[in-house]
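**Q** The structure file final23.txt (compact mmCIF, C-alpha atoms) is provided below.
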# COMPACT_ATOMS: atom_id res chain seq x y z
CA MET A 1 -66.75 47.61 0.86
CA GLU A 2 -67.09 45.12 -2.02
CA LEU A 3 -68.03 46.73 -5.38
CA GLU A 4 -69.66 44.82 -8.21
CA ARG A 5 -67.68 44.97 -11.47
CA PRO A 6 -69.73 46.96 -14.04
CA ASP A 7 -70.36 45.92 -17.63
CA LEU A 8 -67.23 46.90 -19.58
CA SER A 9 -68.31 45.55 -22.96
CA ASN A 10 -68.65 49.06 -24.44
CA VAL A 11 -65.34 50.36 -23.06
CA SER A 12 -62.51 50.97 -25.55
CA PRO A 13 -59.73 48.33 -25.67
CA ASP A 14 -57.14 50.76 -24.27
CA VAL A 15 -59.28 51.68 -21.25
CA LEU A 16 -60.20 48.02 -20.69
CA ALA A 17 -56.53 47.00 -20.74
CA TYR A 18 -55.73 49.74 -18.22
CA ILE A 19 -58.54 48.62 -15.87
CA GLU A 20 -57.43 44.97 -16.09
CA ALA A 21 -53.85 45.99 -15.31
CA LEU A 22 -55.02 47.88 -12.23
CA GLU A 23 -57.10 44.87 -11.13
CA ALA A 24 -54.10 42.54 -11.53
CA ALA A 25 -51.89 44.90 -9.51
CA LEU A 26 -54.51 45.11 -6.75
CA LEU A 27 -54.86 41.33 -6.62
CA LYS A 28 -51.08 40.91 -6.41
CA SER A 29 -50.90 43.48 -3.59
CA LYS A 30 -53.62 41.68 -1.60
CA SER A 31 -51.84 38.34 -2.08
CA SER A 32 -48.54 39.83 -0.89
CA GLN A 33 -50.18 41.32 2.21
CA SER A 34 -51.80 37.98 3.00
CA THR A 35 -48.45 36.20 2.68
CA ARG A 36 -46.77 38.72 5.00
CA ARG A 37 -49.55 38.25 7.58
CA ARG A 38 -49.16 34.48 7.48
CA SER A 39 -45.37 34.78 7.78
CA ALA A 40 -45.73 37.07 10.79
CA GLU A 41 -47.89 34.47 12.52
CA VAL A 42 -45.18 31.79 12.31
CA GLU A 43 -41.94 32.21 14.23
CA PRO A 44 -38.66 31.01 12.69
CA SER A 45 -38.16 27.33 13.44
CA GLU A 46 -35.58 26.15 15.97
CA PRO A 47 -32.08 25.18 14.75
CA PRO A 48 -31.84 21.74 13.08
CA THR A 49 -32.26 18.98 15.62
CA THR A 50 -32.46 15.19 15.75
CA GLN A 51 -35.68 15.50 17.74
CA GLN A 52 -38.64 14.02 15.88
CA VAL A 53 -42.40 14.58 15.96
CA ILE A 54 -44.14 11.24 15.53
CA THR A 55 -47.76 11.30 14.37
CA ILE A 56 -49.88 8.14 14.63
CA SER A 57 -53.39 7.55 13.31
CA GLN A 58 -56.22 5.69 15.00
CA ARG A 59 -55.45 2.67 12.79
CA GLY A 60 -51.73 2.74 13.53
CA VAL A 61 -50.37 4.56 10.47
CA ALA A 62 -47.35 6.64 11.49
CA LYS A 63 -44.65 8.97 10.27
CA ARG A 64 -41.87 11.01 11.82
CA THR A 65 -40.67 14.47 10.83
CA ALA A 66 -37.85 16.57 12.29
CA ARG A 67 -39.18 18.85 15.01
CA HIS A 68 -37.44 21.96 13.66
CA LEU A 69 -39.58 21.80 10.51
CA TYR A 70 -42.64 22.70 12.58
CA GLY A 71 -42.66 26.49 12.86
CA ARG A 72 -44.23 28.06 15.94
CA GLN A 73 -47.52 29.82 15.45
CA ARG A 74 -49.32 32.12 17.80
CA ARG A 75 -51.80 30.46 20.11
CA SER A 76 -55.22 30.06 18.40
CA GLY A 77 -53.74 29.60 14.91
CA ILE A 78 -55.13 27.08 12.43
CA GLY A 79 -52.00 24.94 12.22
CA VAL A 80 -50.53 23.12 9.22
CA PHE A 81 -51.50 19.87 7.53
CA ASP A 82 -49.53 16.89 8.84
CA LEU A 83 -50.17 13.13 8.57
CA GLU A 84 -52.17 12.08 5.50
CA VAL A 85 -54.55 9.14 6.00
CA ASP A 86 -57.52 7.73 4.10
CA GLU A 87 -61.11 8.77 4.71
CA HIS A 88 -61.72 5.89 7.14
CA ASP A 89 -58.86 6.90 9.49
CA PHE A 90 -57.72 10.02 11.38
CA PRO A 91 -54.58 11.28 13.20
CA ALA A 92 -54.92 10.38 16.89
CA HIS A 93 -51.56 10.48 18.72
CA ILE A 94 -48.42 12.64 18.99
CA ALA A 95 -45.03 11.73 20.43
CA VAL A 96 -41.81 13.74 20.57
CA ALA A 97 -38.52 11.83 20.82
CA ASP A 98 -34.96 11.79 19.53
CA GLU A 99 -34.23 9.66 16.48
CA SER A 100 -31.79 7.59 18.59
CA GLU A 101 -34.44 6.62 21.18
CA ARG A 102 -36.99 3.84 21.52
CA LEU A 103 -40.72 4.30 21.91
CA LEU A 104 -43.10 2.16 23.95
CA LEU A 105 -46.47 1.72 22.24
CA PHE A 106 -49.29 0.91 24.67
CA SER A 107 -52.49 -0.75 23.49
CA ASN A 108 -56.01 -0.58 24.87
CA LEU A 109 -55.55 -4.14 26.14
CA GLY A 110 -52.56 -3.16 28.27
CA ARG A 111 -49.98 -4.74 26.00
CA VAL A 112 -46.69 -2.99 25.17
CA PHE A 113 -44.68 -2.95 21.94
CA PRO A 114 -41.14 -1.47 21.78
CA LEU A 115 -40.21 0.42 18.63
CA ALA A 116 -37.05 2.28 17.60
CA VAL A 117 -37.83 5.80 16.45
CA ALA A 118 -35.41 5.25 13.55
CA ASP A 119 -37.67 2.42 12.30
CA ILE A 120 -40.65 4.77 11.82
CA HIS A 121 -41.23 6.08 8.30
CA GLN A 122 -39.41 9.42 7.98
CA THR A 123 -40.55 12.34 5.84
CA ASP A 124 -38.97 15.69 5.04
CA GLU A 125 -42.37 17.32 4.55
CA LEU A 126 -45.01 18.00 7.18
CA ARG A 127 -47.90 16.87 4.99
CA ALA A 128 -47.11 13.30 4.04
CA PRO A 129 -48.47 9.74 4.31
CA GLY A 130 -47.12 7.25 6.83
CA GLU A 131 -46.67 3.50 7.13
CA SER A 132 -48.55 0.97 9.26
CA LEU A 133 -47.14 0.13 12.70
CA ILE A 134 -49.80 -2.51 13.31
CA SER A 135 -48.29 -4.68 10.58
CA LYS A 136 -44.97 -4.74 12.47
CA PHE A 137 -46.44 -6.37 15.58
CA PRO A 138 -48.91 -9.13 16.51
CA PHE A 139 -51.87 -6.87 17.35
CA HIS A 140 -55.24 -8.50 18.01
CA GLY A 141 -58.27 -7.64 15.91
CA ASN A 142 -59.84 -5.47 18.64
CA GLU A 143 -56.56 -3.86 19.68
CA HIS A 144 -55.29 -0.35 18.94
CA ILE A 145 -52.67 2.11 20.21
CA VAL A 146 -53.79 4.39 23.07
CA GLY A 147 -50.49 5.98 24.08
CA THR A 148 -46.78 6.29 23.37
CA LEU A 149 -43.91 6.95 25.76
CA ARG A 150 -40.18 7.43 25.29
CA ALA A 151 -38.37 4.41 26.71
CA GLU A 152 -36.21 4.84 29.83
CA ALA A 153 -37.74 8.22 30.72
CA GLY A 154 -38.71 7.55 34.34
CA GLN A 155 -38.80 5.12 37.25
CA TYR A 156 -42.35 3.82 36.82
CA VAL A 157 -45.00 3.69 34.11
CA VAL A 158 -48.52 4.43 35.31
CA LEU A 159 -51.33 2.86 33.31
CA ALA A 160 -54.85 4.26 33.72
CA SER A 161 -58.01 2.49 32.59
CA GLN A 162 -61.28 3.93 31.34
CA ARG A 163 -63.02 3.17 34.64
CA GLY A 164 -60.31 4.80 36.78
CA TRP A 165 -58.10 1.82 37.69
CA VAL A 166 -54.38 2.68 37.99
CA GLN A 167 -51.28 0.49 37.99
CA ARG A 168 -47.64 1.37 38.59
CA VAL A 169 -45.05 -0.77 36.77
CA ALA A 170 -41.31 -0.49 37.39
CA ALA A 171 -39.14 0.74 34.50
CA SER A 172 -37.05 -2.46 34.58
CA TYR A 173 -39.95 -4.33 32.93
CA PHE A 174 -39.68 -2.07 29.87
CA GLY A 175 -35.97 -2.56 29.15
CA LYS A 176 -34.44 -3.91 25.96
CA SER A 177 -35.45 -7.45 26.96
CA LEU A 178 -39.14 -6.51 26.75
CA ILE A 179 -41.04 -9.04 24.64
CA PRO A 180 -43.31 -7.29 22.11
CA GLY A 181 -46.92 -7.71 23.14
CA MET A 182 -46.23 -8.37 26.85
CA SER A 183 -49.37 -7.66 28.87
CA PHE A 184 -49.45 -5.51 32.01
CA HIS A 185 -53.20 -5.17 32.58
CA ASP A 186 -56.29 -7.30 33.07
CA VAL A 187 -59.21 -5.60 31.32
CA LYS A 188 -61.55 -7.15 33.90
CA ARG A 189 -60.15 -4.58 36.32
CA GLY A 190 -61.45 -1.20 35.28
CA GLY A 191 -61.84 -1.88 31.58
CA GLN A 192 -59.42 -1.06 28.80
CA ILE A 193 -56.33 1.14 29.15
CA THR A 194 -56.86 4.72 27.94
CA ALA A 195 -53.78 6.67 29.15
CA VAL A 196 -50.16 6.18 30.26
CA THR A 197 -47.37 8.32 31.72
CA TRP A 198 -43.91 8.08 33.30
CA THR A 199 -43.35 8.99 36.96
CA ASN A 200 -40.17 9.37 39.01
CA GLY A 201 -41.43 7.23 41.91
CA SER A 202 -42.07 9.99 44.45
CA GLU A 203 -44.45 12.43 42.77
CA GLU A 204 -48.23 12.54 42.42
CA ILE A 205 -50.69 11.14 39.89
CA PHE A 206 -53.22 13.39 38.19
CA LEU A 207 -56.16 11.64 36.47
CA ALA A 208 -58.57 13.44 34.13
CA THR A 209 -61.80 12.27 32.54
CA GLN A 210 -63.59 13.15 29.33
CA GLN A 211 -66.10 15.24 31.29
CA ALA A 212 -63.20 17.26 32.78
CA GLN A 213 -63.31 15.68 36.23
CA GLY A 214 -60.00 14.96 37.96
CA ILE A 215 -58.18 13.74 41.02
CA ARG A 216 -54.66 14.07 42.40
CA PHE A 217 -52.97 11.72 44.89
CA ARG A 218 -49.51 10.40 45.84
CA GLU A 219 -48.22 7.73 43.48
CA THR A 220 -46.76 5.74 46.38
CA GLN A 221 -50.35 5.00 47.45
CA VAL A 222 -50.80 2.76 44.41
CA PRO A 223 -49.98 -0.86 45.38
CA ALA A 224 -46.96 -2.36 43.61
CA ARG A 225 -48.97 -5.39 42.52
CA GLY A 226 -52.31 -5.17 40.75
CA GLY A 227 -52.92 -1.48 41.27
CA CYS A 228 -56.04 0.12 42.74
CA LEU A 229 -59.01 2.33 41.95
CA GLY A 230 -57.65 5.81 41.38
CA LEU A 231 -60.86 7.66 40.55
CA ARG A 232 -64.56 6.91 40.81
CA VAL A 233 -65.83 7.55 37.29
CA ALA A 234 -69.45 8.29 36.37
CA PRO A 235 -71.15 5.63 34.19
CA ASP A 236 -71.27 7.94 31.17
CA ASP A 237 -67.67 9.15 31.61
CA GLU A 238 -64.18 7.67 31.25
CA VAL A 239 -60.54 8.50 32.05
CA VAL A 240 -58.74 10.02 29.06
CA ALA A 241 -55.47 11.34 30.55
CA VAL A 242 -52.93 10.76 33.31
CA ALA A 243 -49.97 12.97 34.25
CA SER A 244 -47.19 13.01 36.83
CA VAL A 245 -47.33 16.21 38.92
CA THR A 246 -46.18 18.01 42.06
CA GLU A 247 -47.62 20.91 44.06
CA SER A 248 -45.76 23.38 41.83
CA SER A 249 -46.78 21.79 38.51
CA GLY A 250 -48.96 23.25 35.78
CA VAL A 251 -51.06 20.87 33.68
CA PHE A 252 -52.15 21.93 30.21
CA VAL A 253 -55.65 20.61 29.52
CA VAL A 254 -57.42 20.95 26.17
CA GLY A 255 -60.92 20.19 24.93
CA HIS A 256 -62.18 18.89 21.61
CA ASP A 257 -63.03 22.47 20.57
CA GLY A 258 -59.42 23.69 20.79
CA LYS A 259 -59.90 25.62 24.04
CA GLY A 260 -57.49 24.95 26.87
CA THR A 261 -55.86 26.22 30.02
CA ILE A 262 -52.92 25.51 32.30
CA ARG A 263 -54.39 24.31 35.58
CA LEU A 264 -51.99 24.98 38.45
CA MET A 265 -51.82 22.12 40.95
CA SER A 266 -51.44 24.67 43.75
CA GLY A 267 -55.13 25.38 43.16
CA PHE A 268 -56.21 21.75 42.78
CA ARG A 269 -56.19 20.13 46.21
CA MET A 270 -54.50 16.74 46.55
CA ASN A 271 -56.65 13.91 47.92
CA LYS A 272 -55.48 11.99 50.97
CA ALA A 273 -55.98 8.71 49.12
CA PRO A 274 -56.92 7.45 45.65
CA GLY A 275 -60.40 6.17 44.84
CA ALA A 276 -62.52 9.25 45.50
CA GLY A 277 -64.80 11.12 43.11
CA GLY A 278 -63.37 13.78 40.83
CA LYS A 279 -63.36 17.57 40.99
CA THR A 280 -63.95 19.87 38.02
CA ILE A 281 -60.71 20.70 36.19
CA PHE A 282 -62.01 23.28 33.71
CA LYS A 283 -65.16 24.04 31.76
CA SER A 284 -65.24 21.70 28.77
CA ASP A 285 -67.83 19.53 27.05
CA GLN A 286 -65.16 16.99 26.14
CA LEU A 287 -61.63 16.99 27.52
CA ILE A 288 -59.10 15.40 25.15
CA GLY A 289 -55.76 15.51 26.94
CA ALA A 290 -53.77 16.66 29.96
CA VAL A 291 -49.97 17.06 30.01
CA THR A 292 -47.60 18.57 32.55
CA VAL A 293 -45.89 21.68 31.15
CA GLN A 294 -43.25 24.22 32.07
CA GLU A 295 -43.15 27.84 30.90
CA ASN A 296 -40.39 27.25 28.33
CA ASP A 297 -42.05 24.19 26.75
CA ASP A 298 -43.70 24.06 23.36
CA ILE A 299 -47.19 22.58 22.99
CA PHE A 300 -48.27 20.51 19.98
CA ILE A 301 -51.99 19.99 19.28
CA LEU A 302 -53.34 17.60 16.65
CA ALA A 303 -56.78 17.71 15.04
CA GLN A 304 -58.87 14.98 13.45
CA GLY A 305 -58.73 16.64 10.04
CA GLY A 306 -54.94 16.25 10.00
CA LYS A 307 -53.74 19.69 11.11
CA MET A 308 -51.04 20.29 13.73
CA ILE A 309 -50.17 23.48 15.59
CA ARG A 310 -47.09 24.31 17.66
CA PHE A 311 -46.98 27.26 20.08
CA ARG A 312 -45.28 28.33 23.29
CA ALA A 313 -46.77 27.16 26.58
CA SER A 314 -46.13 30.65 27.96
CA GLU A 315 -48.94 31.97 25.72
CA VAL A 316 -51.54 30.11 27.83
CA PRO A 317 -52.44 31.96 31.05
CA PRO A 318 -52.05 29.63 34.08
CA LYS A 319 -55.07 29.44 36.41
CA THR A 320 -55.65 28.15 39.92
CA GLY A 321 -59.42 27.80 39.51
CA VAL A 322 -62.03 26.47 37.11
CA VAL A 323 -62.14 28.49 33.88
CA GLN A 324 -63.47 28.04 30.36
CA GLY A 325 -60.03 28.25 28.82
CA VAL A 326 -58.65 30.24 25.89
CA ASN A 327 -58.54 29.46 22.19
CA CYS A 328 -55.43 27.37 21.57
CA MET A 329 -56.21 26.04 18.10
CA GLU A 330 -58.74 27.28 15.55
CA VAL A 331 -60.52 24.03 14.70
CA ARG A 332 -63.59 25.45 12.91
CA ASN A 333 -65.49 22.29 11.83
CA ASP A 334 -62.77 19.99 13.17
CA LEU A 335 -62.03 18.28 16.52
CA VAL A 336 -58.85 18.08 18.61
CA THR A 337 -57.60 14.50 19.06
CA ALA A 338 -54.23 14.73 20.84
CA VAL A 339 -51.74 16.96 22.62
CA ALA A 340 -48.03 16.63 23.42
CA VAL A 341 -45.30 18.74 24.98
CA ALA A 342 -41.71 19.31 23.85
CA THR A 343 -39.10 20.49 26.34
CA LEU A 344 -36.45 22.49 24.50
CA GLU A 345 -32.75 22.58 25.33
CA GLN A 346 -31.88 25.84 27.04
Mind turning the file's structure into structure tokens?
**A**
Amino acid sequence: MELERPDLSNVSPDVLAYIEALEAALLKSKSSQSTRRRSAEVEPSEPPTTQQVITISQRGVAKRTARHLYGRQRRSGIGVFDLEVDEHDFPAHIAVADESERLLLFSNLGRVFPLAVADIHQTDELRAPGESLISKFPFHGNEHIVGTLRAEAGQYVVLASQRGWVQRVAASYFGKSLIPGMSFHDVKRGGQITAVTWTNGSEEIFLATQQAQGIRFRETQVPARGGCLGLRVAPDDEVVAVASVTESSGVFVVGHDGKGTIRLMSGFRMNKAPGAGGKTIFKSDQLIGAVTVQENDDIFILAQGGKMIRFRASEVPPKTGVVQGVNCMEVRNDLVTAVAVATLEQ
């Protein structure tokens, strides 16, 4: 119970000094307890690694920070401040890659820009400003980054558009001879690109929309040239995520409110062909992302206000059916903007 401090103006100096000393000791004790609670919520970081967490804003400002500097919190924590941007921008993308690797930056117009991780502005602090990536490449005025992939991490890249069109492009097109700004999509087919993923050539494609509708079908059913309609999308909806899955996969899905779940593909029936309407993935007003996870992975979630949280995927209960999800990040008056997964060396 909170007590109001009484008027001590008539108390003798000795008694007043004693009371103030007790108050200072109590305040110090409360501060120490609070610090211990916060420390208990964050697990010791992993050993030093060359793996980097790359954070990119909506306007293409980016930084990279060593992954081991991000301590694990318990699921539903508030996270830590990460990329600093001005009031007209916000953090929008996460990528995890080794400092020796290349990234492929995909734009909403279906163009691709290769970038060495080592060329991204590096910081030794989590909360730090970045540098513009847009200035490094010939981006158009209406063009922005919608996804990042590690180069040479699969056999095909699948591009998904806002209206549900999917294309499958062989990895050979994204080699070191890739010309920055090369286009792989005609926006007249299904609108602008909204999501990308690697596949191994023989798995399945999982598409998810903002209204948490999804479909799953074999990737080999997507024509090698031009692509096809992967999902019939409602007029007021759009595709926001694509993932490569199998029958035994779990897909972590998260909404703008920080609630998420791991949807097991064993409980999400595969369609015989692409192009059908979607089925409900989980209960969410606005799905933000969907990524394939394994039990030993770590999940990173980014919020619009600049906070990032890292926690173990094993803390999220996997489900075969439609559920509301559990609190994964305490966003309060904020909104989730991106999610990524890190697979740790065993």
**Q** What lies within 10 Å of range 86-96 of chain A using all atoms listed in the file, ignoring chain neighbours under 4 positions off, as a PyMOL selection string?
**A** chain A and resi 51-62+64-67+82+103+117+129+145-150+300-308+336-343
**Q** Deliver the residues from the most recent selection as a file, using C-alpha atoms, as a short mmCIF file (atom, residue, chain, number, x, y, z; two decimals), keeping the file's coordinate frame.
**A**
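New file out-v6.cif:
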data_model
loop_
_atom_site.label_atom_id
_atom_site.label_comp_id
_atom_site.auth_asym_id
_atom_site.auth_seq_id
_atom_site.Cartn_x
_atom_site.Cartn_y
_atom_site.Cartn_z
CA GLN A 51 -35.68 15.50 17.74
CA GLN A 52 -38.64 14.02 15.88
CA VAL A 53 -42.40 14.58 15.96
CA ILE A 54 -44.14 11.24 15.53
CA THR A 55 -47.76 11.30 14.37
CA ILE A 56 -49.88 8.14 14.63
CA SER A 57 -53.39 7.55 13.31
CA GLN A 58 -56.22 5.69 15.00
CA ARG A 59 -55.45 2.67 12.79
CA GLY A 60 -51.73 2.74 13.53
CA VAL A 61 -50.37 4.56 10.47
CA ALA A 62 -47.35 6.64 11.49
CA ARG A 64 -41.87 11.01 11.82
CA THR A 65 -40.67 14.47 10.83
CA ALA A 66 -37.85 16.57 12.29
CA ARG A 67 -39.18 18.85 15.01
CA ASP A 82 -49.53 16.89 8.84
CA LEU A 103 -40.72 4.30 21.91
CA VAL A 117 -37.83 5.80 16.45
CA PRO A 129 -48.47 9.74 4.31
CA ILE A 145 -52.67 2.11 20.21
CA VAL A 146 -53.79 4.39 23.07
CA GLY A 147 -50.49 5.98 24.08
CA THR A 148 -46.78 6.29 23.37
CA LEU A 149 -43.91 6.95 25.76
CA ARG A 150 -40.18 7.43 25.29
CA PHE A 300 -48.27 20.51 19.98
CA ILE A 301 -51.99 19.99 19.28
CA LEU A 302 -53.34 17.60 16.65
CA ALA A 303 -56.78 17.71 15.04
CA GLN A 304 -58.87 14.98 13.45
CA GLY A 305 -58.73 16.64 10.04
CA GLY A 306 -54.94 16.25 10.00
CA LYS A 307 -53.74 19.69 11.11
CA MET A 308 -51.04 20.29 13.73
CA VAL A 336 -58.85 18.08 18.61
CA THR A 337 -57.60 14.50 19.06
CA ALA A 338 -54.23 14.73 20.84
CA VAL A 339 -51.74 16.96 22.62
CA ALA A 340 -48.03 16.63 23.42
CA VAL A 341 -45.30 18.74 24.98
CA ALA A 342 -41.71 19.31 23.85
CA THR A 343 -39.10 20.49 26.34
#
**Q** Got a sec: who's within 6 Å of range 172-185 of chain A, counting all atoms listed in the file, leaving out chain neighbours fewer than 5 positions off, as a list in words?
**A**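 Close residues of range 172-185 of chain A: Gly110, Arg111, Val112 and Phe113 of chain A.
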**Q** Please indicate the distance in Å from CA of Pro47 in chain A to CA of Val316 in chain A, rounded to one decimal place.
**A** 24.0 Å
**Q** In terms of the shortest atom-to-atom distance over all atoms listed in the file, which of A:His68, A:His140, A:Arg269, A:Arg218 is closest to Gly321 in chain A?
**A**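 Looking at the shortest contact to Gly321 in chain A, the residue is A:Arg269.
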**Q** One number please: CA of Tyr70 in chain A to CA of Thr209 in chain A, in Å, one decimal.
**A**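 Separation between CA of Tyr70 in chain A and CA of Thr209 in chain A: 29.6 Å.
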**Q** Give me, as a PyMOL selection string, all polymer residues having an atom no more than 7 Å from Arg75 in chain A, counting only C-alpha atoms and skipping those fewer than 2 positions away in the same chain.
**A** chain A and resi 73+77+311+315+328-329
**Q** Looking at all atoms listed in the file, which of A:Thr197, A:Ser249, A:Gln167, A:Ser107 is the one that sits closest to Gly227 in chain A?
**A** A:Gln167
**Q** Between A:Ala241, A:Leu83, A:Ile215, A:Leu133, which residue has the minimum interatomic distance to Leu159 in chain A, considering only C-alpha atoms?
**A**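 Result for the nearest residue to Leu159 in chain A: A:Ala241.
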**Q** Just the number, please: distance in Å from CA of Arg163 in chain A to CA of Lys272 in chain A, one decimal.
**A**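 Atom-to-atom, CA of Arg163 in chain A to CA of Lys272 in chain A, that is 20.0 Å.
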**Q** Would you list the contacts of Arg263 in chain A as a ChimeraX atom specification, taking every protein, DNA or RNA residue within 12 Å and counting all atoms listed in the file, but skipping same-chain residues closer than 3 positions in sequence?
**A** /A:206,208,212,214,245,247-254,260,266-269,280-283,290-294,316-325
**Q** Would you export the selected residues with C-alpha atoms as a short mmCIF file (atom, residue, chain, number, x, y, z; two decimals), in the coordinates of the input, please?
**A**
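out.cif, written as the output of this step:
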data_model
loop_
_atom_site.label_atom_id
_atom_site.label_comp_id
_atom_site.auth_asym_id
_atom_site.auth_seq_id
_atom_site.Cartn_x
_atom_site.Cartn_y
_atom_site.Cartn_z
CA PHE A 206 -53.22 13.39 38.19
CA ALA A 208 -58.57 13.44 34.13
CA ALA A 212 -63.20 17.26 32.78
CA GLY A 214 -60.00 14.96 37.96
CA VAL A 245 -47.33 16.21 38.92
CA GLU A 247 -47.62 20.91 44.06
CA SER A 248 -45.76 23.38 41.83
CA SER A 249 -46.78 21.79 38.51
CA GLY A 250 -48.96 23.25 35.78
CA VAL A 251 -51.06 20.87 33.68
CA PHE A 252 -52.15 21.93 30.21
CA VAL A 253 -55.65 20.61 29.52
CA VAL A 254 -57.42 20.95 26.17
CA GLY A 260 -57.49 24.95 26.87
CA SER A 266 -51.44 24.67 43.75
CA GLY A 267 -55.13 25.38 43.16
CA PHE A 268 -56.21 21.75 42.78
CA ARG A 269 -56.19 20.13 46.21
CA THR A 280 -63.95 19.87 38.02
CA ILE A 281 -60.71 20.70 36.19
CA PHE A 282 -62.01 23.28 33.71
CA LYS A 283 -65.16 24.04 31.76
CA ALA A 290 -53.77 16.66 29.96
CA VAL A 291 -49.97 17.06 30.01
CA THR A 292 -47.60 18.57 32.55
CA VAL A 293 -45.89 21.68 31.15
CA GLN A 294 -43.25 24.22 32.07
CA VAL A 316 -51.54 30.11 27.83
CA PRO A 317 -52.44 31.96 31.05
CA PRO A 318 -52.05 29.63 34.08
CA LYS A 319 -55.07 29.44 36.41
CA THR A 320 -55.65 28.15 39.92
CA GLY A 321 -59.42 27.80 39.51
CA VAL A 322 -62.03 26.47 37.11
CA VAL A 323 -62.14 28.49 33.88
CA GLN A 324 -63.47 28.04 30.36
CA GLY A 325 -60.03 28.25 28.82
#
**Q** Which residue, A:Val80, A:Ala243, A:Ala118, A:Ala273, has the smallest gap to Thr50 in chain A when you use only C-alpha atoms?
**A**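 The answer is A:Ala118, which sits nearest to Thr50 in chain A.
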**Q** Within 12 Å of Gly191 in chain A, counting all atoms listed in the file, which residues qualify if same-chain residues fewer than 5 places away don't, as a PyMOL selection string?
**A** chain A and resi 108-110+159-166+185-186+229+233+238-239
**Q** For the residues in that selection, give me C-alpha atoms as a PDB file, keeping the file's coordinate frame.
**A**
ATOM      1  CA  ASN A 108     -56.010  -0.580  24.870  1.00  0.00           C
ATOM      2  CA  LEU A 109     -55.550  -4.140  26.140  1.00  0.00           C
ATOM      3  CA  GLY A 110     -52.560  -3.160  28.270  1.00  0.00           C
ATOM      4  CA  LEU A 159     -51.330   2.860  33.310  1.00  0.00           C
ATOM      5  CA  ALA A 160     -54.850   4.260  33.720  1.00  0.00           C
ATOM      6  CA  SER A 161     -58.010   2.490  32.590  1.00  0.00           C
ATOM      7  CA  GLN A 162     -61.280   3.930  31.340  1.00  0.00           C
ATOM      8  CA  ARG A 163     -63.020   3.170  34.640  1.00  0.00           C
ATOM      9  CA  GLY A 164     -60.310   4.800  36.780  1.00  0.00           C
ATOM     10  CA  TRP A 165     -58.100   1.820  37.690  1.00  0.00           C
ATOM     11  CA  VAL A 166     -54.380   2.680  37.990  1.00  0.00           C
ATOM     12  CA  HIS A 185     -53.200  -5.170  32.580  1.00  0.00           C
ATOM     13  CA  ASP A 186     -56.290  -7.300  33.070  1.00  0.00           C
ATOM     14  CA  LEU A 229     -59.010   2.330  41.950  1.00  0.00           C
ATOM     15  CA  VAL A 233     -65.830   7.550  37.290  1.00  0.00           C
ATOM     16  CA  GLU A 238     -64.180   7.670  31.250  1.00  0.00           C
ATOM     17  CA  VAL A 239     -60.540   8.500  32.050  1.00  0.00           C
TER      18      VAL A 239
END
**Q** Taking all atoms listed in the file into account, name the residue in A:Leu287, A:Ala25, A:Ile262, A:Ala171 that is nearest to Leu104 in chain A.
**A**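 Looking only at the distances to Leu104 in chain A, the closest residue turns out to be A:Ala171.
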**Q** Box for range 20-29 of chain A: with edges along x, y and z, all listed atoms inside and 4 Å added on each side, what are the centre and edge lengths in Å to one decimal, as lines of an AutoDock Vina configuration file?
**A**
center_x = -54.2
center_y = 44.4
center_z = -9.8
size_x = 14.5
size_y = 15.0
size_z = 20.5
**Q** With distances taken over only C-alpha atoms, which of A:Leu335, A:Ile299, A:Ser100, A:Ala170 is nearest to Thr261 in chain A?
**A**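 So, comparing all the options, the nearest one is A:Ile299.
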**Q** Render range 78-89 of chain A from the structure in the preceding block as a file of C-alpha atoms, as a PDB file, in the first residue's frame.
**A**
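Result went into result-v9.pdb, see below:
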ATOM      1  CA  ILE A  78       9.372  -6.015 -23.796  1.00  0.00           C
ATOM      2  CA  GLY A  79      12.640  -6.358 -25.703  1.00  0.00           C
ATOM      3  CA  VAL A  80      15.495  -3.859 -26.033  1.00  0.00           C
ATOM      4  CA  PHE A  81      15.876  -0.762 -28.177  1.00  0.00           C
ATOM      5  CA  ASP A  82      17.648  -1.468 -31.472  1.00  0.00           C
ATOM      6  CA  LEU A  83      17.841   0.569 -34.703  1.00  0.00           C
ATOM      7  CA  GLU A  84      17.472   4.334 -34.243  1.00  0.00           C
ATOM      8  CA  VAL A  85      15.652   6.179 -37.041  1.00  0.00           C
ATOM      9  CA  ASP A  86      14.010   9.573 -37.392  1.00  0.00           C
ATOM     10  CA  GLU A  87      10.352  10.245 -36.650  1.00  0.00           C
ATOM     11  CA  HIS A  88       9.332   9.744 -40.295  1.00  0.00           C
ATOM     12  CA  ASP A  89      10.766   6.195 -40.496  1.00  0.00           C
TER      13      ASP A  89
END
